[in-house]
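Report on one structure; see the data block that follows.
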Amino acid sequence: MTRAFLPKMFTVLLAGTLAGLVLAVAALPAALVFGIGFSALSAPYAELPNTLRTPPTAQRSNLYANDGTTLITSFYQEDRVDVPLDEVAPVMRQAIIAAEDARFHEHSGVDLRGIVRAFTANRRDGATRQGASTLTMQYVRNVLSTDPRLSEAQRAAATEVSTARKIQEIRYALALERELTKDQILTRYLNIAYFGAGAYGVAAASKRYFSTSPAKLTLAQAALLAGLVRSPDSDDPINGDADSATARRGYVLDRMVESGVIVADAAARAAAEPLNLRPSETPNDCTAVPEGHNDWGFFCDWFTRWWNSQKAFGASVDERQRTLRRGGFSIVSSLDPGVQRATTEQVRRIYPAEHPHALPTAVVQPGTGRVLAMSVNRVYSVAANPGGQQNHPNTVNQLVAGGGTIVGYQAGSTFKLFTMLAALEAGLPLNTVFDAPRRIVTDFRISGGEASCGGYWCPANASASVSGRHDMWTAFGDSVNTYFAWLTERVGADRVVEMAERLGIVFRADDDAQLARHGAREWGPFTLGVSATTPLDLAGAYATLGAEGTWCAPTPVTSITDAAGRRVAAGQPDCRQVLDVDVARAATDAARCPVGDQSMYHGCAGGTATRLRAQLDRPVAGKTGSSERYATETVVALTPQLAVAAMAANPDEPQDAVGRAVQTAMVEGVGEILSFALRDEPVRDFVPPSEMTAWRVTGQRTGN
């Protein structure tokens, strides 16, 4: 007990003396100093906050393209990335010690000589001009003043000019040096210090001022950075006073000579160098994507919406955003820069950014849900538009994935897929035959409009030429409205709606959501795509066929690692089997008909986009869709490896019809996107469905 008591008493007495000297600098009564100092410093070391051992420093998160190296943008509250000490140039370590704490390796957290020197100088000058804080004490102050887990009052107390704060700082510094090595403390200090111009930590500072890494800093650069820590705002040579920064650099070089870490000649040469600043600013958020890649902004925007929906990152959207902007994540996205470029080229070939019509387009990978491209002919920007133009050429509204005020667009006959799937699942085969008339009066009640016959829904075919005897192959290929109205009656409209939801169609419009929840049984027109949807939802639904019935939630992420390099589970695909495999294969077999391919059972006899198969020169499935009066046009195409959906609409004025003619250009554009994206991929064919699913009526076919 005596052996333990004596060292503790020695530490307390020493600390009390040091506290007294510090407070003497402030000209406080000695009795008060020793009274406060002794009681405060006698607290046990076990009370050392864990934040000082492992500081919760805010670090920026980086979002990369799918190659893992191409930076899309960063997200941060403080521009900081922690680096180990061996990635900091030795000259930078020497400079910061010389500038801030020349006896760093000699004291135990509190420098008695430094306090005496500061006391003497300040008494001589009649003002507080020299500080006595060691690097360890500065580190303690920095951690406590920025700890997000403390209250505002607690953080403010960490930097207030008071006796209690200084004593706490000394006590923590002494305790910290008992637990951490000098290198560990120096590493933490270099990573938490503020260097001005928005740069926190030596890595961000090296990039901000010199566009380099901390490992490559020269003597002159290191001396400049070390000099900024004392007055980072006023001495900042980018936004502040370059002359003051130069003077501080000279001061640091002189201190390095005095410390013996460099010779006078080296200091003189470094002092004579111009500042040679090469400033670079780390992009922050989606409006700061690299110049020339503005189209990445819409993908980035969708990524942030996806992140905000992930409960793994916090209990609320605000908390999840704080996690993103402080957590130091390395996020490898699914965005393929090449596929994105090809998609944007095709979109803007059809409509320029200034055109009132938009062509949002999404490319999705079956089996993973990873989104390789999201593009629309708009500039991702908050800049003002010309009078009367809401979303063109500039917008940050999510035109591709929906959300906010964007509920989507009518996808027309592409929704016939859900009716066909519901019928196949109910046990009807692909060769289910119906003599489809020009117009059909159904049992679904409807009020008003051209498609109402005495209060009942009575749709007509787009062309009289497609009326007549059809099975699922030819009806899907020729897009026969009356066939699918009849098929909806047979299986039930509610089952068609449920099928669409199962494959990821989200009802963002209030009217659609109400019908889906409370009126699905009477929602016969749903089969003709009257509900609003988005290219991303539609591409994900059709991708389910390519994955033989496995639906995957569209995801912008390939992998996420945290600041410690640990893999985060939230980045993994979210997939589930929602269709019987044979049902999915059968629907895919029929979906080959619209795009000029041939089914495995040779059931195709024409289609609405027959040139696509020849253009792509590989097996393909898909569907086109036109809403009423050609207000919107939609093209979806699918291979086993990729699904693409493009939708033409006027987001600001739904009644402004895009017209039927644009569909031809859209089919060609989708073909070009697939050709580029699959240029190095092997040709893969779809697996044929069983003869039973193709030809025989059975009981319910379920696989989900």
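All residue names refer to the structure tokens as shown: chains lettered A, B, ... in order, residues numbered from 1 in each chain, ligands numbered from 1 in order.
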
Residues near segment 511-522 of chain A, anyone? I mean within 12 Å using only C-alpha atoms, not counting same-chain ones fewer than 5 positions away, as JSON, numbers by chain. {"A": [407, 408, 409, 410, 442, 443, 444, 445, 446, 447, 456, 457, 485, 488, 489, 490, 491, 492, 493, 494, 495, 496, 497, 498, 499, 500, 501, 505, 506, 527, 529, 530, 531, 532, 533]}

Could you pull out the helix (DSSP H, G or I) residues of segment 578-665 of chain A from DSSP and send them as a ChimeraX atom specification? /A:581-591,611-616,628-630,662-665

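Among the candidate residues A:Ser375, A:Gln59, A:Asn431, A:Thr698, the one lying nearest to Ile192 of chain A is A:Gln59, with distances computed using only C-alpha atoms.
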
Can you check which residues of segment 40-238 of chain A DSSP gives as strand (DSSP E) on the backbone and send them as a ChimeraX atom specification? /A:61-64,71-75

Take the residues that were just selected and, keeping C-alpha atoms, output them as a PDB file, in the first residue's frame.
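What follows is the written file part-v3.pdb:
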ATOM      1  CA  SER A  61     -16.869   9.558 -46.213  1.00  0.00           C
ATOM      2  CA  ASN A  62     -15.905   8.982 -49.836  1.00  0.00           C
ATOM      3  CA  LEU A  63     -18.206   7.678 -52.560  1.00  0.00           C
ATOM      4  CA  TYR A  64     -16.420   5.904 -55.415  1.00  0.00           C
ATOM      5  CA  LEU A  71     -14.177   9.500 -56.733  1.00  0.00           C
ATOM      6  CA  ILE A  72     -17.780  10.573 -57.294  1.00  0.00           C
ATOM      7  CA  THR A  73     -17.903  12.891 -54.279  1.00  0.00           C
ATOM      8  CA  SER A  74     -17.334  13.089 -50.536  1.00  0.00           C
ATOM      9  CA  PHE A  75     -19.606  13.802 -47.596  1.00  0.00           C
TER      10      PHE A  75
END

Just the residues within 12 Å of segment 403-405 of chain A, please, counting only C-alpha atoms, with nothing from its chain fewer than 2 positions along; format it as an NGL selection string. :A and (298 or 301-302 or 304-306 or 391 or 396-401 or 407-408 or 506-510 or 533-534 or 536-537 or 651-652)

Counting only C-alpha atoms, what is within 12 Å of Glu100 of chain A, bar same-chain residues fewer than 2 positions away, as a PyMOL selection string? chain A and resi 93-98+102-104+111+114+130-139+186+189-190+193+223+225-231+248+251-252+255-256+259

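Reported to one decimal place, the separation of atom CA of Ala203 of chain A from atom CA of Cys286 of chain A is 22.4 Å.
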
One number please: atom CA of Ser413 of chain A to atom CA of Pro525 of chain A, in Å, one decimal. 10.5 Å

re atom CA of Glu354 of chain A and atom CA of Pro393 of chain A: distance 4.8 Å
